[in-house]
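**Student:** Sharing upload_14.txt, compact mmCIF, C-alpha atoms (C1' of nucleotides):
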# COMPACT_ATOMS: atom_id res chain seq x y z
CA MET P 112 28.77 -25.80 -3.07
CA ALA P 113 25.40 -26.94 -1.82
CA ARG P 114 23.81 -30.17 -0.67
CA ARG P 115 23.51 -29.21 2.96
CA ASN P 116 20.26 -31.02 3.60
CA GLU P 117 20.04 -29.67 7.11
CA HIS P 118 16.32 -28.99 6.73
CA THR P 119 13.41 -30.45 4.85
CA LYS P 120 11.61 -28.30 2.32
CA GLY P 121 8.82 -27.72 4.82
CA GLU P 122 11.23 -26.67 7.55
CA LEU P 123 12.97 -24.25 5.22
CA LYS P 124 9.63 -22.73 4.24
CA ALA P 125 8.72 -22.26 7.88
CA LEU P 126 12.14 -20.71 8.59
CA ALA P 127 11.72 -18.28 5.71
CA LEU P 128 8.21 -17.26 6.77
CA ASP P 129 9.41 -16.76 10.34
CA ALA P 130 12.26 -14.62 9.04
CA VAL P 131 9.87 -12.41 7.06
CA LEU P 132 7.88 -11.60 10.18
CA VAL P 133 10.98 -11.19 12.35
CA ILE P 134 12.55 -8.73 9.91
CA ALA P 135 9.29 -6.82 9.51
CA GLU P 136 8.89 -6.47 13.27
CA ARG P 137 12.55 -5.83 14.09
CA ASP P 138 13.64 -3.64 11.17
CA GLY P 139 10.37 -2.48 9.63
CA PRO P 140 8.28 -3.89 6.77
CA GLN P 141 10.22 -1.91 4.15
CA VAL P 142 13.37 -3.87 4.99
CA VAL P 143 11.87 -7.24 4.06
CA SER P 144 13.50 -8.49 0.85
CA ALA P 145 14.41 -11.86 -0.60
CA ARG P 146 18.08 -11.17 0.01
CA LYS P 147 17.51 -10.14 3.65
CA VAL P 148 15.31 -13.15 4.33
CA ALA P 149 17.94 -15.48 2.85
CA GLN P 150 20.65 -13.81 4.91
CA GLU P 151 18.53 -14.09 8.07
CA ILE P 152 18.25 -17.85 7.71
CA GLY P 153 21.79 -18.31 6.41
CA TYR P 154 21.08 -19.37 2.84
CA ALA P 155 21.75 -18.00 -0.63
CA PRO P 156 18.99 -15.78 -2.08
CA GLY P 157 18.47 -18.12 -5.02
CA MET P 158 17.43 -20.92 -2.69
CA LEU P 159 14.18 -19.12 -1.86
CA TYR P 160 13.07 -19.51 -5.46
CA HIS P 161 12.94 -23.25 -5.02
CA LEU P 162 10.42 -22.76 -2.22
CA PHE P 163 8.43 -19.73 -3.34
CA GLU P 164 7.32 -18.45 -6.72
CA ASN P 165 8.62 -14.97 -6.07
CA ILE P 166 8.87 -12.32 -3.36
CA ASP P 167 5.11 -11.65 -3.45
CA ASP P 168 4.37 -15.29 -2.84
CA LEU P 169 6.76 -15.29 0.12
CA ILE P 170 5.27 -12.18 1.71
CA LEU P 171 1.70 -13.24 1.00
CA GLN P 172 2.29 -16.57 2.73
CA ALA P 173 3.73 -14.74 5.72
CA ASN P 174 0.75 -12.39 5.76
CA THR P 175 -1.57 -15.37 5.73
CA ARG P 176 -0.23 -16.24 9.16
CA THR P 177 -1.21 -12.80 10.41
CA VAL P 178 -4.72 -13.06 8.99
CA SER P 179 -5.06 -16.59 10.27
CA ALA P 180 -4.05 -15.53 13.78
CA LEU P 181 -6.64 -12.75 13.59
CA THR P 182 -9.37 -15.16 12.51
CA ASP P 183 -8.59 -17.53 15.37
CA ASP P 184 -8.54 -14.67 17.84
CA LEU P 185 -11.90 -13.37 16.65
CA VAL P 186 -13.53 -16.78 16.90
CA ARG P 187 -12.21 -17.24 20.47
CA ALA P 188 -13.16 -13.72 21.55
CA THR P 189 -16.77 -13.92 20.40
CA LYS P 190 -17.75 -17.27 21.90
CA ARG P 191 -21.07 -16.99 23.73
CA GLN P 192 -21.56 -13.34 22.83
CA SER P 193 -24.74 -11.87 21.41
CA ALA P 194 -24.64 -11.11 17.69
CA ASP P 195 -24.52 -7.36 18.23
CA LYS P 196 -21.76 -7.61 20.78
CA ALA P 197 -19.82 -10.09 18.64
CA VAL P 198 -19.61 -7.79 15.61
CA LEU P 199 -18.38 -4.95 17.76
CA THR P 200 -15.90 -7.20 19.53
CA MET P 201 -14.49 -8.42 16.23
CA ALA P 202 -14.12 -4.89 14.91
CA LEU P 203 -12.41 -3.64 18.05
CA ARG P 204 -10.09 -6.62 18.28
CA TYR P 205 -9.13 -6.17 14.65
CA LEU P 206 -8.13 -2.61 15.46
CA GLN P 207 -6.44 -3.66 18.68
CA LEU P 208 -4.29 -6.34 17.05
CA ALA P 209 -3.45 -4.06 14.14
CA GLN P 210 -2.29 -1.33 16.49
CA LYS P 211 -0.46 -3.68 18.85
CA ASN P 212 1.53 -5.56 16.22
CA GLY P 213 1.82 -2.47 14.07
CA ARG P 214 4.70 -3.51 11.83
CA ARG P 215 3.31 -6.93 11.13
CA TRP P 216 0.07 -5.34 9.96
CA GLN P 217 1.95 -2.72 8.02
CA LEU P 218 3.51 -5.56 6.08
CA LEU P 219 0.01 -6.76 5.30
CA PHE P 220 -1.58 -3.38 4.60
CA GLU P 221 1.32 -1.88 2.67
CA HIS P 222 2.12 -4.87 0.54
CA THR P 223 1.18 -4.60 -3.12
CA MET P 224 1.79 -7.10 -5.90
CA ARG P 225 4.71 -6.26 -8.24
CA ASN P 226 3.74 -5.74 -11.85
CA GLY P 227 0.15 -5.35 -10.73
CA VAL P 228 -0.50 -9.08 -10.77
CA ALA P 229 -3.77 -10.15 -9.16
CA VAL P 230 -3.79 -11.49 -5.61
CA PRO P 231 -3.92 -15.33 -5.81
CA SER P 232 -7.19 -17.02 -5.02
CA TRP P 233 -5.87 -18.96 -2.00
CA TYR P 234 -5.14 -15.60 -0.39
CA GLN P 235 -8.54 -14.17 -1.25
CA ALA P 236 -10.11 -17.27 0.27
CA GLN P 237 -8.29 -16.59 3.53
CA THR P 238 -9.63 -13.04 3.77
CA ALA P 239 -13.06 -14.26 2.70
CA LYS P 240 -13.15 -16.22 5.96
CA LEU P 241 -13.21 -12.91 7.79
CA PHE P 242 -16.28 -11.80 5.87
CA GLY P 243 -17.77 -15.18 6.74
CA LEU P 244 -17.38 -14.57 10.48
CA VAL P 245 -19.24 -11.29 10.20
CA GLU P 246 -21.94 -12.84 8.04
CA GLN P 247 -22.52 -15.52 10.68
CA GLN P 248 -23.28 -12.90 13.29
CA LEU P 249 -25.47 -10.85 10.97
CA VAL P 250 -27.57 -13.93 10.20
CA ARG P 251 -28.02 -14.52 13.92
CA MET P 252 -28.96 -10.87 14.30
CA CYS P 253 -31.49 -10.67 11.46
CA PRO P 254 -32.48 -14.17 10.34
CA GLN P 255 -35.22 -12.74 8.14
CA LYS P 256 -32.83 -10.77 5.90
CA LYS P 257 -31.99 -12.15 2.47
CA SER P 258 -28.62 -13.75 1.91
CA VAL P 259 -27.58 -10.99 -0.50
CA GLU P 260 -28.29 -8.34 2.11
CA ILE P 261 -26.26 -10.24 4.69
CA GLN P 262 -23.31 -10.45 2.32
CA LEU P 263 -23.57 -6.78 1.46
CA ALA P 264 -23.78 -5.65 5.06
CA ALA P 265 -20.87 -7.88 6.11
CA ARG P 266 -18.68 -6.44 3.37
CA ALA P 267 -19.81 -2.91 4.14
CA VAL P 268 -19.08 -3.10 7.83
CA TRP P 269 -15.80 -4.94 7.35
CA SER P 270 -14.55 -2.58 4.63
CA ALA P 271 -15.38 0.29 6.94
CA VAL P 272 -13.50 -1.16 9.88
CA HIS P 273 -10.66 -2.10 7.56
CA GLY P 274 -10.54 1.50 6.37
CA VAL P 275 -10.05 2.75 9.93
CA CYS P 276 -7.44 0.08 10.75
CA LEU P 277 -5.50 0.74 7.59
CA LEU P 278 -5.46 4.50 7.97
CA SER P 279 -4.50 4.08 11.60
CA VAL P 280 -1.62 1.66 11.05
CA THR P 281 -0.22 3.51 8.05
CA GLY P 282 -0.44 6.81 9.93
CA LYS P 283 -2.74 8.47 7.43
CA LEU P 284 -5.65 9.11 9.74
CA ASN P 285 -5.04 12.58 11.02
CA VAL P 286 -6.97 12.22 14.18
CA GLY P 287 -6.44 15.37 16.14
CA GLY P 288 -6.13 14.40 19.77
CA ALA P 289 -9.77 14.17 20.67
CA VAL P 290 -10.73 11.50 18.15
CA LYS P 291 -9.59 8.00 19.08
CA GLU P 292 -9.58 5.18 16.53
CA ALA P 293 -11.55 2.89 18.83
CA ARG P 294 -14.32 5.45 19.03
CA LEU P 295 -14.43 5.60 15.23
CA VAL P 296 -14.86 1.86 15.03
CA GLU P 297 -17.55 1.85 17.71
CA SER P 298 -19.41 4.65 16.03
CA LEU P 299 -19.24 2.94 12.66
CA VAL P 300 -20.39 -0.47 13.79
CA GLN P 301 -23.11 0.68 16.14
CA ASN P 302 -24.63 3.32 13.91
CA TYR P 303 -24.41 1.21 10.80
CA LEU P 304 -26.05 -1.78 12.43
CA HIS P 305 -28.70 0.40 14.05
CA GLY P 306 -29.61 1.81 10.65
CA TRP P 307 -29.34 -1.53 8.91
CA LYS P 308 -31.65 -3.31 11.34
CA SER P 309 -34.30 -0.61 11.06
CA ILE P 310 -34.90 -1.07 7.31
CA ASP P 311 -37.55 -3.49 6.04
CA MET B 225 28.09 19.11 -19.21
CA ALA B 226 24.66 20.68 -18.71
CA ARG B 227 23.35 24.21 -18.57
CA ARG B 228 20.41 23.61 -20.93
CA ASN B 229 18.11 26.11 -19.31
CA GLU B 230 15.24 25.14 -21.56
CA HIS B 231 12.79 25.24 -18.68
CA THR B 232 12.35 27.13 -15.45
CA LYS B 233 12.42 25.20 -12.22
CA GLY B 234 8.64 25.44 -12.05
CA GLU B 235 8.21 24.13 -15.56
CA LEU B 236 10.50 21.21 -14.86
CA LYS B 237 8.55 20.36 -11.73
CA ALA B 238 5.31 20.41 -13.69
CA LEU B 239 6.85 18.23 -16.41
CA ALA B 240 8.04 15.71 -13.84
CA LEU B 241 4.66 15.55 -12.09
CA ASP B 242 2.92 15.11 -15.45
CA ALA B 243 5.33 12.32 -16.28
CA VAL B 244 4.57 10.51 -13.02
CA LEU B 245 0.86 10.42 -13.82
CA VAL B 246 1.44 9.54 -17.48
CA ILE B 247 3.67 6.59 -16.58
CA ALA B 248 1.28 5.41 -13.87
CA GLU B 249 -1.67 5.48 -16.28
CA ARG B 250 0.17 4.14 -19.33
CA ASP B 251 2.45 1.52 -17.79
CA GLY B 252 1.00 0.95 -14.33
CA PRO B 253 1.83 2.53 -10.96
CA GLN B 254 4.57 -0.02 -10.24
CA VAL B 255 6.59 1.27 -13.18
CA VAL B 256 6.92 4.79 -11.78
CA SER B 257 10.52 5.39 -10.70
CA ALA B 258 12.87 8.34 -10.58
CA ARG B 259 14.84 6.94 -13.49
CA LYS B 260 11.74 6.36 -15.62
CA VAL B 261 10.38 9.82 -14.88
CA ALA B 262 13.71 11.41 -15.83
CA GLN B 263 13.81 9.38 -19.03
CA GLU B 264 10.23 10.37 -19.86
CA ILE B 265 11.08 14.07 -19.74
CA GLY B 266 14.54 13.66 -21.29
CA TYR B 267 16.72 14.53 -18.31
CA ALA B 268 19.28 12.77 -16.16
CA PRO B 269 17.89 11.07 -13.02
CA GLY B 270 20.04 13.20 -10.75
CA MET B 271 18.32 16.34 -11.96
CA LEU B 272 15.12 15.35 -10.16
CA TYR B 273 16.92 15.66 -6.82
CA HIS B 274 17.33 19.37 -7.37
CA LEU B 275 13.54 19.68 -7.63
CA PHE B 276 12.31 17.05 -5.18
CA GLU B 277 13.59 15.75 -1.89
CA ASN B 278 13.30 12.14 -2.94
CA ILE B 279 11.06 9.74 -4.83
CA ASP B 280 8.38 9.88 -2.12
CA ASP B 281 8.21 13.65 -2.37
CA LEU B 282 7.82 13.38 -6.15
CA ILE B 283 5.03 10.81 -5.99
CA LEU B 284 3.28 12.54 -3.11
CA GLN B 285 3.20 15.81 -5.05
CA ALA B 286 1.75 13.98 -8.03
CA ASN B 287 -0.84 12.34 -5.78
CA THR B 288 -1.77 15.75 -4.43
CA ARG B 289 -3.03 16.59 -7.91
CA THR B 290 -5.31 13.57 -7.81
CA VAL B 291 -6.68 14.46 -4.38
CA SER B 292 -7.05 18.08 -5.39
CA ALA B 293 -9.02 17.14 -8.51
CA LEU B 294 -11.26 15.00 -6.30
CA THR B 295 -11.85 17.83 -3.86
CA ASP B 296 -12.81 20.22 -6.67
CA ASP B 297 -15.10 17.65 -8.21
CA LEU B 298 -16.86 17.02 -4.90
CA VAL B 299 -17.42 20.72 -4.27
CA ARG B 300 -18.88 21.19 -7.75
CA ALA B 301 -21.04 18.08 -7.56
CA THR B 302 -22.68 18.96 -4.26
CA LYS B 303 -23.66 22.57 -4.94
CA ARG B 304 -27.27 23.18 -3.93
CA GLN B 305 -27.78 19.65 -2.61
CA SER B 306 -29.28 18.80 0.74
CA ALA B 307 -26.80 17.71 3.39
CA ASP B 308 -27.91 14.08 3.27
CA LYS B 309 -27.72 13.95 -0.49
CA ALA B 310 -24.38 15.75 -0.54
CA VAL B 311 -22.64 13.20 1.69
CA LEU B 312 -23.90 10.35 -0.45
CA THR B 313 -22.92 12.16 -3.63
CA MET B 314 -19.41 12.75 -2.35
CA ALA B 315 -19.00 9.12 -1.35
CA LEU B 316 -20.28 7.81 -4.68
CA ARG B 317 -18.20 10.22 -6.74
CA TYR B 318 -15.12 9.25 -4.76
CA LEU B 319 -15.77 5.65 -5.70
CA GLN B 320 -16.59 6.59 -9.28
CA LEU B 321 -13.42 8.59 -9.84
CA ALA B 322 -11.33 5.92 -8.14
CA GLN B 323 -12.75 3.22 -10.37
CA LYS B 324 -12.61 5.30 -13.56
CA ASN B 325 -8.99 6.46 -13.23
CA GLY B 326 -7.98 3.20 -11.63
CA ARG B 327 -4.22 3.39 -12.08
CA ARG B 328 -3.96 6.96 -10.93
CA TRP B 329 -5.72 6.00 -7.71
CA GLN B 330 -3.65 2.88 -7.38
CA LEU B 331 -0.62 5.13 -7.33
CA LEU B 332 -2.24 6.98 -4.45
CA PHE B 333 -3.57 3.98 -2.56
CA GLU B 334 -0.57 1.71 -3.04
CA HIS B 335 2.11 4.26 -2.32
CA THR B 336 3.93 3.90 0.96
CA MET B 337 6.80 5.95 2.32
CA ARG B 338 10.24 4.31 2.05
CA ASN B 339 11.97 3.68 5.36
CA GLY B 340 8.65 4.17 7.07
CA VAL B 341 9.02 7.94 7.23
CA ALA B 342 5.88 9.82 8.23
CA VAL B 343 3.70 11.46 5.58
CA PRO B 344 4.60 15.19 5.49
CA SER B 345 2.15 17.62 7.02
CA TRP B 346 1.37 19.47 3.78
CA TYR B 347 0.06 16.21 2.40
CA GLN B 348 -1.98 15.49 5.51
CA ALA B 349 -3.44 18.98 5.22
CA GLN B 350 -4.60 18.20 1.69
CA THR B 351 -6.44 15.07 2.77
CA ALA B 352 -7.80 16.91 5.79
CA LYS B 353 -9.70 19.11 3.35
CA LEU B 354 -11.72 16.08 2.39
CA PHE B 355 -12.73 15.51 5.99
CA GLY B 356 -13.62 19.19 6.08
CA LEU B 357 -16.07 18.85 3.21
CA VAL B 358 -17.86 16.03 4.98
CA GLU B 359 -17.87 17.95 8.25
CA GLN B 360 -19.52 20.92 6.55
CA GLN B 361 -22.42 18.76 5.43
CA LEU B 362 -22.75 17.04 8.80
CA VAL B 363 -23.00 20.43 10.52
CA ARG B 364 -25.77 21.42 8.13
CA MET B 365 -27.47 18.13 8.84
CA CYS B 366 -27.27 18.22 12.64
CA PRO B 367 -26.41 21.74 13.83
CA GLN B 368 -27.09 20.75 17.42
CA LYS B 369 -24.31 18.11 17.54
CA LYS B 370 -21.07 18.97 19.27
CA SER B 371 -17.99 19.74 17.19
CA VAL B 372 -16.21 16.61 18.45
CA GLU B 373 -19.09 14.44 17.32
CA ILE B 374 -19.08 16.06 13.91
CA GLN B 375 -15.36 15.41 13.52
CA LEU B 376 -15.72 11.84 14.65
CA ALA B 377 -18.62 11.09 12.32
CA ALA B 378 -16.87 12.73 9.35
CA ARG B 379 -13.78 10.60 9.90
CA ALA B 380 -15.85 7.49 10.46
CA VAL B 381 -17.89 7.84 7.30
CA TRP B 382 -14.89 8.86 5.20
CA SER B 383 -12.67 6.06 6.50
CA ALA B 384 -15.46 3.66 5.67
CA VAL B 385 -15.89 4.92 2.13
CA HIS B 386 -12.13 5.00 1.74
CA GLY B 387 -12.01 1.36 2.82
CA VAL B 388 -14.41 0.36 0.06
CA CYS B 389 -12.61 2.47 -2.57
CA LEU B 390 -9.24 1.11 -1.61
CA LEU B 391 -10.28 -2.52 -1.56
CA SER B 392 -12.06 -1.99 -4.87
CA VAL B 393 -9.16 -0.31 -6.69
CA THR B 394 -6.53 -2.70 -5.35
CA GLY B 395 -8.70 -5.67 -6.25
CA LYS B 396 -8.91 -7.01 -2.72
CA LEU B 397 -12.66 -6.78 -2.28
CA ASN B 398 -13.86 -10.17 -3.35
CA VAL B 399 -17.32 -9.11 -4.27
CA GLY B 400 -18.98 -12.13 -5.72
CA GLY B 401 -21.06 -10.94 -8.65
CA ALA B 402 -24.16 -9.84 -6.79
CA VAL B 403 -22.49 -7.26 -4.55
CA LYS B 404 -21.59 -4.02 -6.33
CA GLU B 405 -19.21 -1.52 -4.76
CA ALA B 406 -21.65 1.37 -5.23
CA ARG B 407 -24.26 -0.51 -3.23
CA LEU B 408 -21.73 -0.98 -0.43
CA VAL B 409 -21.07 2.75 -0.32
CA GLU B 410 -24.77 3.58 -0.38
CA SER B 411 -25.49 1.11 2.37
CA LEU B 412 -22.66 2.43 4.51
CA VAL B 413 -23.49 6.11 4.19
CA GLN B 414 -27.23 5.81 4.50
CA ASN B 415 -27.31 3.36 7.38
CA TYR B 416 -24.54 5.09 9.27
CA LEU B 417 -26.14 8.49 8.98
CA HIS B 418 -29.55 7.09 9.84
CA GLY B 419 -28.13 5.62 13.02
CA TRP B 420 -26.01 8.66 13.80
CA LYS B 421 -28.89 11.12 13.51
CA SER B 422 -31.10 9.03 15.79
CA ILE B 423 -28.82 9.29 18.84
CA ASP B 424 -29.21 12.10 21.35
C1' DA O 243 23.81 28.08 -12.05
C1' DC O 244 22.25 24.08 -14.18
C1' DC O 245 22.63 19.59 -15.29
C1' DT O 246 25.25 15.30 -16.26
C1' DG O 247 26.89 10.69 -15.74
C1' DA O 248 29.33 7.77 -13.20
C1' DA O 249 29.41 5.64 -8.85
C1' DC O 250 27.57 3.32 -4.59
C1' DA O 251 24.67 0.38 -2.29
C1' DC O 252 20.93 -1.80 -2.89
C1' DC O 253 16.81 -4.78 -5.33
C1' DG O 254 14.35 -9.51 -7.72
C1' DT O 255 15.34 -13.30 -10.35
C1' DT O 256 17.76 -16.90 -13.09
C1' DC O 257 20.71 -20.66 -13.86
C1' DA O 258 25.08 -23.09 -14.88
C1' DA O 259 27.86 -25.54 -12.08
C1' DG O 260 29.59 -27.58 -7.82
C1' DT O 261 28.91 -31.42 -4.08
C1' DA I 145 18.90 -33.49 -5.36
C1' DC I 146 20.10 -29.45 -3.10
C1' DC I 147 22.06 -25.25 -2.95
C1' DT I 148 25.45 -21.72 -4.43
C1' DG I 149 27.19 -17.54 -6.30
C1' DA I 150 27.78 -14.97 -10.07
C1' DA I 151 25.31 -12.54 -13.45
C1' DC I 152 21.57 -9.55 -15.43
C1' DA I 153 18.58 -5.89 -15.35
C1' DC I 154 16.87 -3.02 -12.53
C1' DC I 155 16.31 0.54 -8.22
C1' DG I 156 17.24 5.46 -5.19
C1' DT I 157 20.53 8.73 -4.32
C1' DT I 158 24.87 11.49 -4.31
C1' DC I 159 28.22 14.46 -6.10
C1' DA I 160 32.46 15.85 -8.57
C1' DA I 161 32.97 17.88 -12.68
C1' DG I 162 31.68 19.90 -17.13
C1' DT I 163 29.43 24.07 -19.66
Just give me the structure as structure tokens.

**Tutor:**
Amino acid sequence: MARRNEHTKGELKALALDAVLVIAERDGPQVVSARKVAQEIGYAPGMLYHLFENIDDLILQANTRTVSALTDDLVRATKRQSADKAVLTMALRYLQLAQKNGRRWQLLFEHTMRNGVAVPSWYQAQTAKLFGLVEQQLVRMCPQKKSVEIQLAARAVWSAVHGVCLLSVTGKLNVGGAVKEARLVESLVQNYLHGWKSID
Amino acid sequence: MARRNEHTKGELKALALDAVLVIAERDGPQVVSARKVAQEIGYAPGMLYHLFENIDDLILQANTRTVSALTDDLVRATKRQSADKAVLTMALRYLQLAQKNGRRWQLLFEHTMRNGVAVPSWYQAQTAKLFGLVEQQLVRMCPQKKSVEIQLAARAVWSAVHGVCLLSVTGKLNVGGAVKEARLVESLVQNYLHGWKSID
DNA sequence: ACCTGAACACCGTTCAAGT
DNA sequence: ACCTGAACACCGTTCAAGT
């Protein structure tokens, strides 16, 4: 068997990553597995282990696409906005994208490393970019604040928004009719920033 | 074979739930499985399906213990505190417990329903109690606010704190040295409430 | 009635062996 | 060099059959 050489290594990687997202969106994130991905692209399961370290690596690389698309979207959406408006826009768009492409974000939110291995640094770096976007706006908003305070506030506000998005997408936020997720995000961002700006 | 009758159904359930938490803490949350739990208590795997609907039911019931212990702790810890103080105390103790019993909370945070089934309502009710505790304090703090606003603020502040706890326990919050999780929680609660109280 | 253990349909991962 | 497919060690879940 073998020696098909229909695709380069890079093409195969791209095919596999596409397949991960297709399966997640079509059949649900729980269905994504090495065997299913291999089947989807018409290869043997073992082949994937020449391209990826393991199933976590494969899923993490697929999730990077999702985060990367979010980052690009946020940058585009906040062009020429005031700092205050930009932070709110980012938060709301995060929620919007998460709710719209629910299953793709479920794959991201619900994924956990097997054996409790730590998330690799290249992945952390990707998510750190998101913090960076928020920090940029907070600096514009309060140039006098110390760098440590900017970092803290960016992480606080983003963790908060992340909390709402995660609970929303994974269906754990028992919002009873009247309470809409978007209103939670608005309330969080606006009240937090209002309080934050008013101290020293 | 069978007919051991060493334990009542209730005792067996308790043994199984203990085993879930023991395995999670001793070997890591990823190691918890129906087969491992059965082995831990010296029974055949199939037996568990006479006590629990499926593996999700088993883990969810074990996680209920964790949430329940949290709820009790929060009630105790906030006796005779002012409303402002109480909300902060609850948030910080949530973080504290989550960080202290890391693996037990990982089991809670990292668990997702197989096949994407919805979380059962009895479990939602348990977590709703937590919102309730926050709501109680917010009512004390601002008796003039409408019930909808209380509910919204309670969910906002708790989702935010949850976001920090989750990112902390699952190791996804890349806090670079200077930024401590407790400071994030403090900043979130205090600034949010400060802003929230100042509107209408 | 209570529990077993074998069976079924899945996993992730490895690796000798084919082309 | 590239890829296979069988194998290994796991899963969750079911259910006829033993006591």

**Student:** Can you list every residue of chain P that has an atom at most 10 Å from chain O, with its nearest atom pair and the distance in Å to one decimal, using all atoms listed in the file, ordered by chain then number, as JSON lines?

**Tutor:**
{"residue": "P:Met112", "atom": "CA", "partner": "O:DG260", "partner_atom": "C1'", "distance": 5.1}
{"residue": "P:Ala113", "atom": "CA", "partner": "O:DT261", "partner_atom": "C1'", "distance": 6.1}
{"residue": "P:Arg114", "atom": "CA", "partner": "O:DT261", "partner_atom": "C1'", "distance": 6.3}
{"residue": "P:Arg115", "atom": "CA", "partner": "O:DT261", "partner_atom": "C1'", "distance": 9.1}
{"residue": "P:Ser144", "atom": "CA", "partner": "O:DC253", "partner_atom": "C1'", "distance": 7.9}
{"residue": "P:Ala145", "atom": "CA", "partner": "O:DG254", "partner_atom": "C1'", "distance": 7.5}
{"residue": "P:Arg146", "atom": "CA", "partner": "O:DC253", "partner_atom": "C1'", "distance": 8.4}
{"residue": "P:Pro156", "atom": "CA", "partner": "O:DT255", "partner_atom": "C1'", "distance": 9.4}
{"residue": "P:Gly157", "atom": "CA", "partner": "O:DT255", "partner_atom": "C1'", "distance": 7.8}
{"residue": "P:Tyr160", "atom": "CA", "partner": "O:DT255", "partner_atom": "C1'", "distance": 8.2}
{"residue": "P:Asn165", "atom": "CA", "partner": "O:DG254", "partner_atom": "C1'", "distance": 8.1}
{"residue": "P:Ile166", "atom": "CA", "partner": "O:DG254", "partner_atom": "C1'", "distance": 7.5}

**Student:** Find the distance between CA of Asp242 in chain B and CA of Gln330 in chain B and write it in Å to one decimal.

**Tutor:**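 Computing it gives 16.1 Å between the two atoms.
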
**Student:** Would you kindly return, as a list of chain:residue names, each protein, DNA or RNA residue with an atom no farther than 12 Å from any atom of Cys366 in chain B, considering all atoms listed in the file and excluding same-chain residues fewer than 2 positions away?

**Tutor:**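 Here the qualifying residues turn out to be B:Ala307, B:Asp308, B:Glu359, B:Gln360, B:Gln361, B:Leu362, B:Val363, B:Arg364, B:Gln368, B:Lys369, B:Lys370, B:Ser371, B:Glu373, B:Ile374, B:Ala377, B:Leu417, B:His418, B:Trp420, B:Lys421, B:Ser422, B:Ile423, B:Asp424.
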
**Student:** For chain B, list the residues within 7 Å of chain P, counting only C-alpha atoms, and write the list as a ChimeraX atom specification.

**Tutor:** /B:254,334,336,338-340,348,376,380,383-388,398,403,408,412,415-416,418-420

**Student:** Between CA of Arg300 in chain B and CA of Arg317 in chain B, what distance in Å does the model show, to one decimal?

**Tutor:** 11.0 Å

**Student:** Could you jot down the CA of Leu162 in chain P to CA of Thr182 in chain P separation for me, Å, one decimal place?

**Tutor:**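 Here the two named atoms are 25.8 Å from each other.
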
**Student:** Dump as a PyMOL selection string all residues having an atom at most 12 Å from (14.8, -14.3, 6.2), computed in the file's coordinates with only C-alpha atoms (C1' of nucleotides).

**Tutor:** chain P and resi 123-135+137-138+142-156+158-159+166+169-170+173

**Student:** As JSON, what would the box around range 153-157 of chain I look like: edges along x, y and z, 5 Å added on every side, centre and edge lengths in Å to one decimal?

**Tutor:**
{"center_x": 18.4, "center_y": 1.4, "center_z": -9.8, "size_x": 14.2, "size_y": 24.6, "size_z": 21.0}
